[in-house]
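Participant: Structure: query-v8.txt, compact mmCIF, C-alpha atoms and all ligand atoms.
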```txt
# COMPACT_ATOMS: atom_id res chain seq x y z
CA MET P 1 11.21 -19.28 31.81
CA GLU P 2 7.84 -17.69 31.98
CA ALA P 3 6.00 -16.47 28.97
CA THR P 4 2.84 -14.50 28.71
CA PHE P 5 0.03 -14.79 26.23
CA PRO P 6 -1.29 -11.30 26.02
CA ILE P 7 -5.02 -11.36 25.44
CA ALA P 8 -5.74 -10.10 21.97
CA CYS P 9 -8.24 -7.62 23.20
CA ARG P 10 -8.27 -4.17 24.62
CA PRO P 11 -10.97 -1.56 24.93
CA PHE P 12 -10.90 1.43 22.60
CA GLY P 13 -8.67 4.26 23.70
CA GLN P 14 -7.24 2.44 26.65
CA ASP P 15 -3.76 1.22 26.70
CA TYR P 16 -3.80 -1.75 28.96
CA VAL P 17 -3.30 -5.39 28.27
CA LEU P 18 -4.40 -8.26 30.42
CA PRO P 19 -1.48 -10.59 30.64
CA MET P 20 -2.37 -14.22 31.08
CA ASN P 21 0.34 -16.07 32.87
CA GLU P 22 0.68 -19.33 31.13
CA SER P 23 3.82 -21.34 30.82
CA VAL P 24 5.28 -22.33 27.48
CA ASP P 25 4.54 -25.96 28.33
CA HIS P 26 0.88 -25.14 28.26
CA MET P 27 1.36 -24.13 24.62
CA SER P 28 1.45 -27.68 23.35
CA GLU P 29 -2.05 -28.31 24.67
CA LEU P 30 -3.44 -25.22 23.02
CA PRO P 31 -4.76 -25.84 19.51
CA LEU P 32 -2.94 -23.64 17.01
CA SER P 33 -6.26 -22.46 15.62
CA GLU P 34 -6.83 -20.58 18.90
CA LEU P 35 -3.77 -18.43 18.32
CA ILE P 36 -3.17 -15.40 16.17
CA VAL P 37 0.29 -14.12 15.33
CA CYS P 38 1.22 -10.45 14.92
CA PRO P 39 2.47 -9.97 11.34
CA LYS P 40 4.75 -7.10 12.40
CA CYS P 41 6.51 -8.56 15.46
CA ASP P 42 5.69 -12.30 15.58
CA ALA P 43 4.10 -12.12 19.07
CA LEU P 44 1.59 -14.88 19.76
CA HIS P 45 -1.85 -13.98 21.04
CA ARG P 46 -4.81 -16.00 22.09
CA ILE P 47 -7.94 -15.21 20.16
CA SER P 48 -10.72 -14.08 22.41
CA GLU P 49 -14.18 -12.73 21.69
CA VAL P 50 -13.87 -9.14 20.56
CA GLY P 51 -16.77 -7.15 21.93
CA PRO P 52 -18.46 -4.31 20.05
CA ASP P 53 -16.39 -1.66 21.87
CA GLU P 54 -13.14 -3.55 21.75
CA GLN P 55 -10.41 -4.03 19.24
CA ALA P 56 -7.70 -6.63 19.10
CA ALA P 57 -4.29 -5.04 18.92
CA CYS P 58 -0.87 -6.55 19.38
CA ALA P 59 0.24 -6.25 22.99
CA ARG P 60 3.84 -5.59 22.01
CA CYS P 61 3.77 -3.31 18.96
CA GLY P 62 0.16 -2.13 18.82
CA THR P 63 -0.58 -3.45 15.31
CA LEU P 64 -4.29 -3.95 14.78
CA LEU P 65 -4.99 -7.68 14.63
CA ILE P 66 -8.78 -7.79 14.39
CA THR P 67 -10.79 -4.84 13.05
CA PRO P 68 -13.36 -3.44 15.47
CA ARG P 69 -17.00 -3.00 14.34
CA PRO P 70 -16.46 -4.69 10.99
CA LEU P 71 -18.82 -4.33 8.05
CA SER P 72 -20.86 -7.40 7.31
CA PHE P 73 -19.87 -9.43 4.26
CA LEU P 74 -23.02 -8.21 2.54
CA HIS P 75 -22.00 -4.58 3.04
CA VAL P 76 -18.54 -5.24 1.64
CA ILE P 77 -20.14 -6.86 -1.43
CA ALA P 78 -22.46 -3.87 -1.83
CA LEU P 79 -19.55 -1.42 -1.58
CA SER P 80 -17.53 -3.44 -4.08
CA PHE P 81 -20.40 -3.42 -6.61
CA THR P 82 -20.85 0.32 -6.12
CA ALA P 83 -17.15 0.80 -6.73
CA MET P 84 -17.23 -1.27 -9.94
CA ILE P 85 -20.17 0.72 -11.32
CA LEU P 86 -18.52 4.04 -10.43
CA MET P 87 -15.37 2.84 -12.14
CA ILE P 88 -17.15 2.00 -15.39
CA GLY P 89 -18.73 5.45 -15.33
CA ALA P 90 -15.40 7.08 -14.55
CA ILE P 91 -13.67 5.50 -17.53
CA PHE P 92 -16.20 6.44 -20.17
CA PHE P 93 -17.29 9.95 -19.18
CA PRO P 94 -15.10 13.02 -19.65
CA PHE P 95 -12.80 13.57 -16.70
CA LEU P 96 -11.38 17.07 -17.01
CA ARG P 97 -11.78 19.94 -19.46
CA ILE P 98 -9.23 22.68 -20.00
CA SER P 99 -9.82 26.01 -21.71
CA ALA P 100 -7.50 28.89 -22.45
CA GLN P 101 -7.66 31.73 -24.98
CA GLY P 102 -10.79 30.36 -26.59
CA LEU P 103 -9.39 26.88 -27.07
CA SER P 104 -10.52 23.89 -25.10
CA HIS P 105 -9.68 20.23 -24.72
CA ASN P 106 -11.31 17.28 -22.96
CA SER P 107 -9.64 14.31 -21.41
CA SER P 108 -10.93 11.04 -20.03
CA ILE P 109 -9.08 8.80 -17.58
CA PHE P 110 -8.30 6.51 -20.48
CA GLY P 111 -6.84 9.52 -22.31
CA ALA P 112 -4.60 10.33 -19.34
CA ALA P 113 -3.04 6.87 -19.41
CA MET P 114 -2.76 7.06 -23.20
CA ALA P 115 -0.65 10.22 -22.87
CA PHE P 116 2.26 7.80 -22.56
CA SER P 117 1.27 5.70 -25.56
CA GLU P 118 3.67 7.31 -28.03
CA GLY P 119 6.88 5.44 -28.72
CA PHE P 120 8.98 3.86 -26.01
CA LEU P 121 6.80 5.16 -23.16
CA ALA P 122 4.00 2.77 -24.25
CA PRO P 123 4.69 0.24 -21.44
CA LEU P 124 4.15 3.10 -18.98
CA ALA P 125 0.70 3.75 -20.48
CA PHE P 126 -0.11 0.10 -19.82
CA ALA P 127 1.24 0.31 -16.25
CA VAL P 128 -0.79 3.46 -15.51
CA LEU P 129 -3.97 1.81 -16.82
CA LEU P 130 -3.21 -1.18 -14.59
CA MET P 131 -2.66 0.93 -11.49
CA ILE P 132 -5.66 3.21 -11.81
CA VAL P 133 -8.27 0.96 -13.46
CA ALA P 134 -7.44 -2.71 -13.96
CA LEU P 135 -5.97 -3.61 -10.57
CA PRO P 136 -8.65 -1.83 -8.52
CA ALA P 137 -11.33 -3.55 -10.66
CA LEU P 138 -9.64 -6.94 -10.23
CA ARG P 139 -9.50 -6.38 -6.46
CA PHE P 140 -13.23 -5.70 -6.28
CA ALA P 141 -14.00 -8.71 -8.46
CA ALA P 142 -11.85 -11.00 -6.29
CA LEU P 143 -13.55 -9.68 -3.15
CA ILE P 144 -17.03 -10.26 -4.56
CA TYR P 145 -16.03 -13.77 -5.63
CA THR P 146 -14.72 -14.53 -2.12
CA LEU P 147 -17.58 -13.03 -0.15
CA TRP P 148 -20.61 -13.92 -2.29
CA PRO P 149 -21.06 -17.49 -0.93
CA LEU P 150 -19.85 -16.52 2.55
CA ALA P 151 -22.51 -13.82 2.89
CA ALA P 152 -25.16 -16.47 2.23
CA ASN P 153 -23.60 -18.75 4.85
CA ARG P 154 -22.56 -21.24 2.22
CA PRO P 155 -19.15 -22.88 1.97
CA ALA P 156 -16.51 -20.85 0.17
CA TRP P 157 -16.14 -21.31 -3.57
CA PRO P 158 -13.03 -23.12 -4.80
CA ARG P 159 -9.86 -21.01 -4.80
CA SER P 160 -11.49 -18.41 -2.55
CA ALA P 161 -8.31 -18.27 -0.46
CA GLN P 162 -6.22 -17.44 -3.54
CA ALA P 163 -8.77 -14.85 -4.67
CA PHE P 164 -8.75 -13.08 -1.30
CA ARG P 165 -4.97 -13.28 -1.02
CA LEU P 166 -4.77 -11.70 -4.48
CA ALA P 167 -7.15 -8.92 -3.41
CA GLU P 168 -4.90 -8.23 -0.41
CA ALA P 169 -1.67 -8.35 -2.39
CA LEU P 170 -3.02 -5.91 -5.00
CA GLN P 171 -3.86 -3.25 -2.44
CA PRO P 172 -0.56 -1.32 -2.56
CA TRP P 173 -0.60 -1.39 -6.38
CA SER P 174 -4.10 -0.08 -6.95
CA MET P 175 -3.56 3.65 -6.92
CA ALA P 176 -6.87 5.22 -7.92
CA GLU P 177 -6.81 7.58 -4.92
CA ILE P 178 -3.29 8.73 -5.72
CA PHE P 179 -4.43 9.52 -9.26
CA VAL P 180 -7.23 11.74 -7.92
CA VAL P 181 -4.81 13.68 -5.72
CA GLY P 182 -2.56 13.88 -8.79
CA THR P 183 -5.30 15.73 -10.67
CA ALA P 184 -5.36 18.30 -7.86
CA VAL P 185 -1.60 18.85 -8.21
CA ALA P 186 -1.93 19.11 -12.00
CA LEU P 187 -4.68 21.71 -11.54
CA VAL P 188 -2.47 23.82 -9.28
CA LYS P 189 0.28 23.70 -11.89
CA VAL P 190 -1.84 25.01 -14.76
CA ALA P 191 -4.09 27.25 -12.65
CA GLY P 192 -2.37 30.47 -13.75
CA VAL P 193 -2.49 29.70 -17.47
CA ALA P 194 -5.80 28.01 -18.14
CA SER P 195 -9.12 27.31 -16.52
CA ILE P 196 -10.22 23.78 -15.78
CA SER P 197 -13.61 22.24 -15.19
CA PHE P 198 -14.50 18.81 -13.89
CA GLY P 199 -16.50 16.29 -15.87
CA PRO P 200 -18.86 13.67 -14.37
CA ALA P 201 -16.03 11.11 -14.37
CA PHE P 202 -14.10 13.19 -11.88
CA TRP P 203 -16.94 13.03 -9.36
CA ALA P 204 -17.47 9.32 -10.01
CA PHE P 205 -13.79 8.69 -9.40
CA GLY P 206 -13.81 10.88 -6.29
CA THR P 207 -16.75 8.93 -4.84
CA LEU P 208 -14.94 5.71 -5.71
CA ILE P 209 -12.04 6.77 -3.49
CA ILE P 210 -14.38 7.27 -0.51
CA VAL P 211 -16.08 3.91 -1.11
CA THR P 212 -12.70 2.17 -1.33
CA ALA P 213 -11.42 3.83 1.86
CA LEU P 214 -14.60 2.84 3.74
CA LYS P 215 -14.28 -0.73 2.58
CA ASN P 216 -10.59 -0.95 3.47
CA ALA P 217 -11.06 0.53 6.92
CA PHE P 218 -14.04 -1.53 8.02
CA MET P 219 -13.45 -4.86 6.36
CA SER P 220 -12.32 -7.50 8.83
CA LYS P 221 -9.67 -9.60 7.12
CA TRP P 222 -9.60 -11.88 10.11
CA SER P 223 -13.28 -12.80 9.97
CA ILE P 224 -13.06 -13.35 6.21
CA TRP P 225 -10.15 -15.76 6.73
CA GLU P 226 -12.08 -17.48 9.50
CA ALA P 227 -15.10 -17.85 7.18
CA ILE P 228 -13.03 -19.19 4.28
CA GLY P 229 -11.66 -21.76 6.71
CA PRO P 230 -9.08 -24.44 6.04
CA ARG P 231 -8.68 -25.62 2.49
CA MET Y 232 7.25 -6.99 28.29
CA ASN Y 233 7.59 -10.73 28.31
CA VAL Y 234 6.13 -11.91 25.03
CA LEU Y 235 6.18 -15.33 23.47
CA THR Y 236 6.85 -15.18 19.76
CA ALA Y 237 5.96 -17.85 17.24
CA ARG Y 238 9.68 -18.26 16.53
CA ALA Y 239 10.56 -18.83 20.21
CA ALA Y 240 7.71 -21.34 20.53
CA GLY Y 241 9.05 -23.34 17.59
CA LEU Y 242 6.09 -22.29 15.45
CA ILE Y 243 5.83 -20.21 12.31
CA GLY Y 244 3.26 -17.50 11.79
CA CYS Y 245 1.58 -16.51 8.53
CA THR Y 246 2.16 -12.77 8.00
CA ARG Y 247 -0.76 -12.64 5.54
CA CYS Y 248 -3.61 -14.09 7.59
CA GLY Y 249 -2.23 -14.45 11.13
CA ARG Y 250 -2.66 -18.22 11.39
CA VAL Y 251 0.01 -20.17 13.28
CA TRP Y 252 1.59 -23.42 12.03
CA PRO Y 253 4.16 -25.95 13.23
CA GLY Y 254 7.71 -24.72 12.63
CA GLU Y 255 8.42 -27.03 9.71
CA ALA Y 256 5.41 -25.94 7.61
CA SER Y 257 6.32 -24.29 4.30
CA HIS Y 258 2.94 -22.91 3.22
CA CYS Y 259 0.01 -21.54 5.16
CA GLY Y 260 -2.73 -24.16 5.18
CA ARG Y 261 -5.42 -21.52 5.24
CA CYS Y 262 -4.45 -18.77 2.79
CA GLY Y 263 -1.75 -20.64 0.86
CA ALA Y 264 0.92 -17.97 1.33
CA PRO Y 265 4.50 -19.18 1.64
CA LEU Y 266 5.65 -19.10 5.27
CA ALA Y 267 8.87 -17.17 5.74
CA PRO Y 268 11.02 -17.76 8.81
CA VAL Y 269 12.34 -14.65 10.55
CA THR Y 270 15.86 -14.41 9.16
CA THR Y 271 18.20 -11.71 7.93
CA ILE Y 272 18.59 -13.62 4.66
CA SER Y 273 15.39 -11.88 3.53
CA LEU Y 274 17.36 -8.61 3.58
CA GLN Y 275 19.14 -9.67 0.38
CA ARG Y 276 15.92 -9.15 -1.55
CA VAL Y 277 15.48 -5.76 0.14
CA TRP Y 278 18.94 -4.69 -1.03
CA ALA Y 279 18.46 -6.06 -4.55
CA TRP Y 280 15.30 -3.99 -5.11
CA TRP Y 281 16.88 -1.03 -3.29
CA PHE Y 282 19.79 -0.92 -5.75
CA ALA Y 283 17.45 -1.41 -8.72
CA GLY Y 284 15.41 1.54 -7.47
CA LEU Y 285 18.51 3.68 -7.02
CA ILE Y 286 19.76 2.85 -10.53
CA ALA Y 287 16.38 3.79 -12.04
CA TYR Y 288 16.36 6.99 -9.98
CA VAL Y 289 19.48 8.37 -11.72
CA PRO Y 290 18.01 8.75 -15.25
CA ALA Y 291 14.76 9.91 -13.61
CA ASN Y 292 16.67 13.00 -12.50
CA MET Y 293 18.94 13.45 -15.53
CA LEU Y 294 16.38 13.11 -18.34
CA PRO Y 295 13.48 15.48 -19.05
CA MET Y 296 10.22 14.73 -17.25
CA LEU Y 297 8.07 17.16 -19.29
CA ARG Y 298 8.40 18.82 -22.67
CA THR Y 299 6.37 22.02 -22.76
CA ALA Y 300 5.60 24.03 -25.87
CA THR Y 301 4.05 27.47 -25.40
CA LEU Y 302 3.43 29.77 -28.37
CA GLY Y 303 6.01 27.98 -30.49
CA HIS Y 304 8.64 28.01 -27.78
CA GLU Y 305 9.65 24.50 -26.69
CA GLN Y 306 11.29 23.59 -23.44
CA ALA Y 307 12.31 20.31 -21.79
CA ASN Y 308 12.48 20.18 -18.00
CA THR Y 309 14.04 17.72 -15.62
CA ILE Y 310 12.44 17.33 -12.18
CA LEU Y 311 14.93 19.70 -10.57
CA GLY Y 312 14.77 22.03 -13.59
CA GLY Y 313 11.02 22.25 -13.13
CA VAL Y 314 11.46 23.26 -9.49
CA ILE Y 315 14.03 25.96 -10.41
CA GLU Y 316 11.68 27.25 -13.10
CA LEU Y 317 8.82 27.50 -10.59
CA VAL Y 318 11.05 29.40 -8.16
CA ALA Y 319 12.11 31.75 -10.96
CA HIS Y 320 8.44 32.48 -11.58
CA HIS Y 321 7.93 33.12 -7.84
CA ASN Y 322 5.62 30.10 -7.54
CA TYR Y 323 7.20 29.19 -4.21
CA GLY Y 324 4.27 27.10 -2.92
CA VAL Y 325 4.09 24.78 -5.94
CA ALA Y 326 7.89 24.64 -6.10
CA ALA Y 327 7.97 23.44 -2.49
CA ILE Y 328 5.31 20.77 -3.16
CA VAL Y 329 7.16 19.43 -6.21
CA PHE Y 330 10.52 19.56 -4.43
CA ILE Y 331 9.21 17.66 -1.40
CA ALA Y 332 7.20 15.06 -3.38
CA SER Y 333 9.69 14.37 -6.18
CA ILE Y 334 13.09 14.89 -4.60
CA MET Y 335 12.98 14.93 -0.80
CA ILE Y 336 10.61 11.98 -0.24
CA PRO Y 337 12.29 9.60 -2.75
CA VAL Y 338 15.72 10.36 -1.29
CA ALA Y 339 14.43 10.02 2.30
CA LYS Y 340 12.90 6.67 1.32
CA PHE Y 341 16.23 5.31 0.07
CA ILE Y 342 17.92 6.48 3.27
CA ALA Y 343 15.19 5.06 5.53
CA ILE Y 344 15.07 1.60 3.90
CA GLY Y 345 18.87 1.41 3.77
CA TYR Y 346 19.10 2.47 7.41
CA LEU Y 347 16.52 -0.12 8.52
CA ALA Y 348 18.19 -2.90 6.55
CA LEU Y 349 21.59 -2.05 8.05
CA ILE Y 350 20.50 -1.46 11.61
CA VAL Y 351 18.05 -4.30 11.99
CA ALA Y 352 20.70 -6.96 12.59
CA HIS Y 353 22.15 -5.04 15.55
CA GLU Y 354 21.19 -6.37 18.93
CA LYS Y 355 21.47 -2.90 20.47
CA PHE Y 356 18.39 -1.68 18.60
CA ALA Y 357 16.23 -4.77 19.08
CA GLY Y 358 12.57 -4.06 19.67
CA SER Y 359 12.74 -0.38 18.79
CA HIS Y 360 9.24 0.97 18.32
CA ARG Y 361 10.75 3.95 16.50
CA HIS Y 362 12.09 1.61 13.83
CA LEU Y 363 8.66 0.03 13.42
CA HIS Y 364 7.11 3.49 13.02
CA LEU Y 365 9.77 4.43 10.47
CA TYR Y 366 8.99 1.24 8.52
CA GLU Y 367 5.26 1.95 8.63
CA VAL Y 368 5.78 5.51 7.37
CA VAL Y 369 7.98 4.25 4.49
CA GLU Y 370 5.43 1.59 3.62
CA PHE Y 371 2.59 4.11 3.66
CA ILE Y 372 4.34 6.90 1.78
CA GLY Y 373 6.10 4.73 -0.84
CA ARG Y 374 3.20 4.34 -3.27
CA TRP Y 375 2.32 8.05 -3.06
CA SER Y 376 5.50 8.93 -4.97
CA MET Y 377 3.72 7.59 -8.07
CA ILE Y 378 1.72 10.83 -7.98
CA ASP Y 379 4.39 12.53 -10.12
CA VAL Y 380 3.87 10.05 -12.93
CA PHE Y 381 0.11 10.64 -12.79
CA VAL Y 382 0.58 14.42 -12.81
CA VAL Y 383 2.70 14.11 -15.95
CA ALA Y 384 0.02 11.85 -17.52
CA ILE Y 385 -2.81 14.25 -16.67
CA LEU Y 386 -0.92 17.33 -17.85
CA SER Y 387 0.08 15.63 -21.11
CA ALA Y 388 -3.44 14.41 -21.80
CA LEU Y 389 -5.09 17.69 -20.88
CA VAL Y 390 -2.80 20.44 -22.06
CA GLN Y 391 -3.21 19.87 -25.80
CA LEU Y 392 -4.17 23.34 -26.98
CA GLY Y 393 -2.25 23.28 -30.22
CA PHE Y 394 -0.03 26.31 -30.73
CA VAL Y 395 -1.05 28.00 -27.47
CA ALA Y 396 0.25 25.32 -25.15
CA SER Y 397 1.01 21.64 -25.29
CA ILE Y 398 2.75 19.29 -22.89
CA HIS Y 399 4.38 15.93 -23.70
CA PRO Y 400 5.87 13.39 -21.30
CA GLY Y 401 9.63 12.89 -21.22
CA PRO Y 402 11.57 9.65 -20.74
CA ALA Y 403 12.21 10.43 -17.05
CA ALA Y 404 8.54 9.60 -16.33
CA ALA Y 405 9.22 5.93 -17.12
CA SER Y 406 12.41 5.64 -15.06
CA PHE Y 407 10.77 7.52 -12.19
CA ALA Y 408 7.82 5.07 -12.24
CA LEU Y 409 10.24 2.13 -12.25
CA SER Y 410 12.21 3.63 -9.37
CA VAL Y 411 9.02 4.03 -7.31
CA ALA Y 412 7.92 0.46 -8.08
CA PHE Y 413 11.34 -0.96 -7.16
CA THR Y 414 11.51 0.92 -3.85
CA MET Y 415 7.98 -0.28 -3.06
CA LEU Y 416 9.14 -3.87 -3.67
CA SER Y 417 12.20 -3.22 -1.52
CA ALA Y 418 10.02 -2.00 1.37
CA GLN Y 419 7.56 -4.89 0.89
CA ASN Y 420 10.41 -7.40 1.15
CA PHE Y 421 11.58 -5.93 4.44
CA ASP Y 422 10.36 -8.19 7.23
CA PRO Y 423 9.39 -5.98 10.21
CA ARG Y 424 9.63 -9.01 12.49
CA LEU Y 425 13.42 -8.58 12.17
CA ILE Y 426 13.13 -5.42 14.26
CA TRP Y 427 12.56 -7.71 17.25
CA LEU Y 428 14.93 -10.46 16.19
CA PRO Y 429 17.62 -10.49 18.93
CA PRO Y 430 16.73 -11.79 22.39
CA LEU Y 431 13.78 -10.10 23.97
CA GLY Y 432 11.70 -11.73 26.62
CA THR Y 433 11.55 -15.39 25.84
CA ASP Y 434 12.56 -14.87 22.24
CA LYS Y 435 16.03 -16.33 22.05
CA ALA Y 436 18.18 -15.55 19.04
ZN ZN P 501 3.07 -6.98 17.20
ZN ZN P 502 -2.04 -17.56 5.96
```
Represent the structure from my file as structure tokens, please.
Ligand SMILES: [Zn+2]
Ligand SMILES: [Zn+2]

Facilitator:
Amino acid sequence: MEATFPIACRPFGQDYVLPMNESVDHMSELPLSELIVCPKCDALHRISEVGPDEQAACARCGTLLITPRPLSFLHVIALSFTAMILMIGAIFFPFLRISAQGLSHNSSIFGAAMAFSEGFLAPLAFAVLLMIVALPALRFAALIYTLWPLAANRPAWPRSAQAFRLAEALQPWSMAEIFVVGTAVALVKVAGVASISFGPAFWAFGTLIIVTALKNAFMSKWSIWEAIGPR
Amino acid sequence: MNVLTARAAGLIGCTRCGRVWPGEASHCGRCGAPLAPVTTISLQRVWAWWFAGLIAYVPANMLPMLRTATLGHEQANTILGGVIELVAHHNYGVAAIVFIASIMIPVAKFIAIGYLALIVAHEKFAGSHRHLHLYEVVEFIGRWSMIDVFVVAILSALVQLGFVASIHPGPAAASFALSVAFTMLSAQNFDPRLIWLPPLGTDKA
């Protein structure tokens, strides 16, 4: 029985893996902290230095294991603060304005969620507020809490692991970007009947989406976990 | 390709942070996440949320999604009714968008998750990259279905022009939101490591 430890590294754009022939027996001598497991297919990989032009992808299924060219912790903190400030602006300024036949009406993001606040749809208003404002804000706060001491090369604050795990778990449920695309669909629907103009909150929210996407794409989860270290 | 998996090596991997632990560990010592062994038992949770999503999807299609009042004339539209209305007004582009986003994608999602959950235990399909891609597409697209709920919220908040035009949300918005959330939970509970479960390389079932 011969097993291979694929090296967790491959250069950008090239599809080759360097198999390291090592027997399973050798496993027991290898400290577990030198291994990384693919979350999608369970394949074991040995962690190796990832160079600036390399990324670590799973040798079997191609899942990205270690992000290439990651942002520094300080940059992630800066992006998270920017996002929080944009979010505060986005909530309190007018978002969209509609006018038709001499009538006009303004709505803020808060107002959009509150559209569901009548009667039995009220829980939905709460859920929408969670998805577009509260959860994204909580994610940024948890990230800042986790990374603040790490950026200064200090030991992680207590419960950092939980905070970062929470930030990761909230990702699918924070839907600010979907809300922005939703406004575009809504605009198409009323385009024939009324004219619509964007308020400052729309642009703040739009910028927020870009900041969030940047942060998600270039934040190295792996190096954050390494920095948090064992509890 | 001959690959050693954590399971075959008697270890257990954390799917949250990638750290590897001895097989008997129950929680990840680094991130604190519970460690789940690769087993088809986890599919029970997938099916439970899948059925919950399907049940919520029925009223989402039967009840009105939007109530529109224009110049004193009130009208309540279901999702499908809205599409038919758009077609009747020769708004084929918007009709296609709404049809794809609100009807085709949710239905395709139910089929895809159900298919994956059924097929994944079959040895014949072990290690199918196509199944992994299908799972990744479902996982990516799932949350985007919530867009309909947001569109209803934006339209209802914005189109408040008194007698000229006003839009109010219908009860289907709530059941549609629930259906999307349940299918997201169903997809999240699907363990993609099951795609490789039967023997492959040194991974013995
Ligand atoms: Zn993999
Ligand atoms: Zn972990």

Participant: Residues up to 7 Å from ligand ZN 502 (chain P), counting all atoms listed in the file: could you list those as a ChimeraX atom specification?

Facilitator: /Y:245-250,259-264

Participant: Which of these, Y:His304, Y:His320, Y:Lys355, Y:Arg276, has the shortest distance to chain P once you count only C-alpha atoms?

Facilitator: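 Among the listed residues, Y:His320 lies closest to chain P.
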
Participant: For chain P, which of Y:Thr236, Y:Gln306, Y:Thr414, Y:Thr270 is the closest residue, counting all atoms listed in the file?

Facilitator: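 Of Y:Thr236, Y:Gln306, Y:Thr414, Y:Thr270, the one nearest chain P is Y:Thr236, counting all atoms listed in the file.
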
Participant: For chain P, report every residue with an atom at most 6 Å from chain Y (counting only C-alpha atoms), formatted as a ChimeraX atom specification.

Facilitator: /P:3-4,32,36-37,39-44,107,111-112,115,161,178-179,182,186,230-231

Participant: Would you work out the distance separating atom CA of Y:Ala343 from atom ZN of ligand ZN 501 (chain P), expressed in Å to one decimal?

Facilitator: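 The value is 20.7 Å.
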
Participant: For atom CA of P:Leu96 and atom CA of P:Glu177, determine how far apart the two atoms are, in Å to one decimal place.

Facilitator: 16.0 Å

Participant: With only C-alpha atoms as the counted atoms, please give the residues lying no more than 9 Å from P:Thr146, apart from itself and same-chain residues fewer than 4 positions off, as a list of chain:residue names.

Facilitator: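 Non-adjacent residues within range: P:Ala141, P:Ala142, P:Leu150, P:Ala156, P:Trp157, P:Arg159, P:Ser160, P:Ala161, P:Ala163, P:Phe164, P:Ile224, P:Ile228.
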
Participant: How far is it from atom CA of P:Gly102 to atom CA of P:Met114, in Å with one decimal?

Facilitator: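 Computing the Euclidean distance for atom CA of P:Gly102 and atom CA of P:Met114 yields 24.9 Å.
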
Participant: Considering only C-alpha atoms, state which residue in the set P:Ile85, P:Gly62, P:Phe110, P:Gln101 is at the smallest distance from P:Val193.

Facilitator: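 The closest residue to P:Val193 is P:Gln101.
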
Participant: Kindly list the centre and edge lengths in Å, rounded to one decimal, for the axis-aligned box that covers all listed atoms of stretch 173-191 of chain P plus 6 Å on each of its six sides, as lines of an AutoDock Vina configuration file.

Facilitator:
```
center_x = -3.5
center_y = 12.9
center_z = -9.8
size_x = 19.5
size_y = 40.6
size_z = 21.8
```

Participant: Please provide as a short mmCIF file (atom, residue, chain, number, x, y, z; two decimals) with C-alpha atoms, in the coordinates of the input all residues within 9 Å of P:Pro94, with the sequence filter that same-chain residues fewer than 6 positions apart are discarded (counting all atoms listed in the file).

Facilitator:
```cif
data_model
loop_
_atom_site.label_atom_id
_atom_site.label_comp_id
_atom_site.auth_asym_id
_atom_site.auth_seq_id
_atom_site.Cartn_x
_atom_site.Cartn_y
_atom_site.Cartn_z
CA ASN P 106 -11.31 17.28 -22.96
CA SER P 107 -9.64 14.31 -21.41
CA SER P 108 -10.93 11.04 -20.03
CA ILE P 109 -9.08 8.80 -17.58
CA PHE P 198 -14.50 18.81 -13.89
CA GLY P 199 -16.50 16.29 -15.87
CA PRO P 200 -18.86 13.67 -14.37
CA ALA P 201 -16.03 11.11 -14.37
CA PHE P 202 -14.10 13.19 -11.88
#
```

Participant: Compare P:Ala176, P:Leu74, P:Phe218, P:Cys38 by their minimum atom-to-atom distance to P:Ala57, counting all atoms listed in the file, and give me the closest one.

Facilitator: P:Cys38

Participant: With all atoms listed in the file as the counted atoms, please give the residues lying no more than 7 Å from stretch 127-135 of chain P, apart from itself and same-chain residues fewer than 6 positions off, as number ranges by chain.

Facilitator: P: 113, 170, 173-176, 179

Participant: Between P:Cys58, P:Ala137, P:Ala194, P:Leu124, which residue has the minimum interatomic distance to ligand ZN 501 (chain P), considering all atoms listed in the file?

Facilitator: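 Counting all atoms listed in the file, the residue closest to ligand ZN 501 (chain P) is P:Cys58.
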
Participant: Can you pull out the residues contacting P:Ala204? Cut-off 10 Å, using only C-alpha atoms, and skip same-chain residues under 5 positions away; I want them as a list of chain:residue names.

Facilitator: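 Skipping anything fewer than 5 positions along the chain leaves P:Ala83, P:Ile85, P:Leu86, P:Met87, P:Ile88, P:Gly89, P:Ala90, P:Ile91, P:Phe93, P:Phe95, P:Gly199, P:Ile209.
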
Participant: Which residue out of P:Leu64, P:Leu103, P:Ala125, P:Ile210 has the minimum interatomic distance to ligand ZN 501 (chain P) when all atoms listed in the file are used?

Facilitator: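 Smallest separation from ligand ZN 501 (chain P) among the options: P:Leu64.
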
Participant: Because the input lacks atoms here, generate N, CA and C atoms for stretch 329-333 of chain Y and report them as a PDB file, in the frame of the given file.

Facilitator:
```pdb
ATOM      1  N   VAL Y 329       6.468  20.294  -5.255  1.00  0.00           N
ATOM      2  CA  VAL Y 329       7.160  19.430  -6.210  1.00  0.00           C
ATOM      3  C   VAL Y 329       8.495  18.968  -5.641  1.00  0.00           C
ATOM      4  N   PHE Y 330       9.214  19.905  -4.998  1.00  0.00           N
ATOM      5  CA  PHE Y 330      10.520  19.560  -4.430  1.00  0.00           C
ATOM      6  C   PHE Y 330      10.375  18.472  -3.364  1.00  0.00           C
ATOM      7  N   ILE Y 331       9.397  18.637  -2.477  1.00  0.00           N
ATOM      8  CA  ILE Y 331       9.210  17.660  -1.400  1.00  0.00           C
ATOM      9  C   ILE Y 331       8.779  16.308  -1.966  1.00  0.00           C
ATOM     10  N   ALA Y 332       7.774  16.313  -2.882  1.00  0.00           N
ATOM     11  CA  ALA Y 332       7.200  15.060  -3.380  1.00  0.00           C
ATOM     12  C   ALA Y 332       8.167  14.306  -4.300  1.00  0.00           C
ATOM     13  N   SER Y 333       8.914  15.053  -5.143  1.00  0.00           N
ATOM     14  CA  SER Y 333       9.690  14.370  -6.180  1.00  0.00           C
ATOM     15  C   SER Y 333      11.150  14.195  -5.820  1.00  0.00           C
TER      16      SER Y 333
END
```
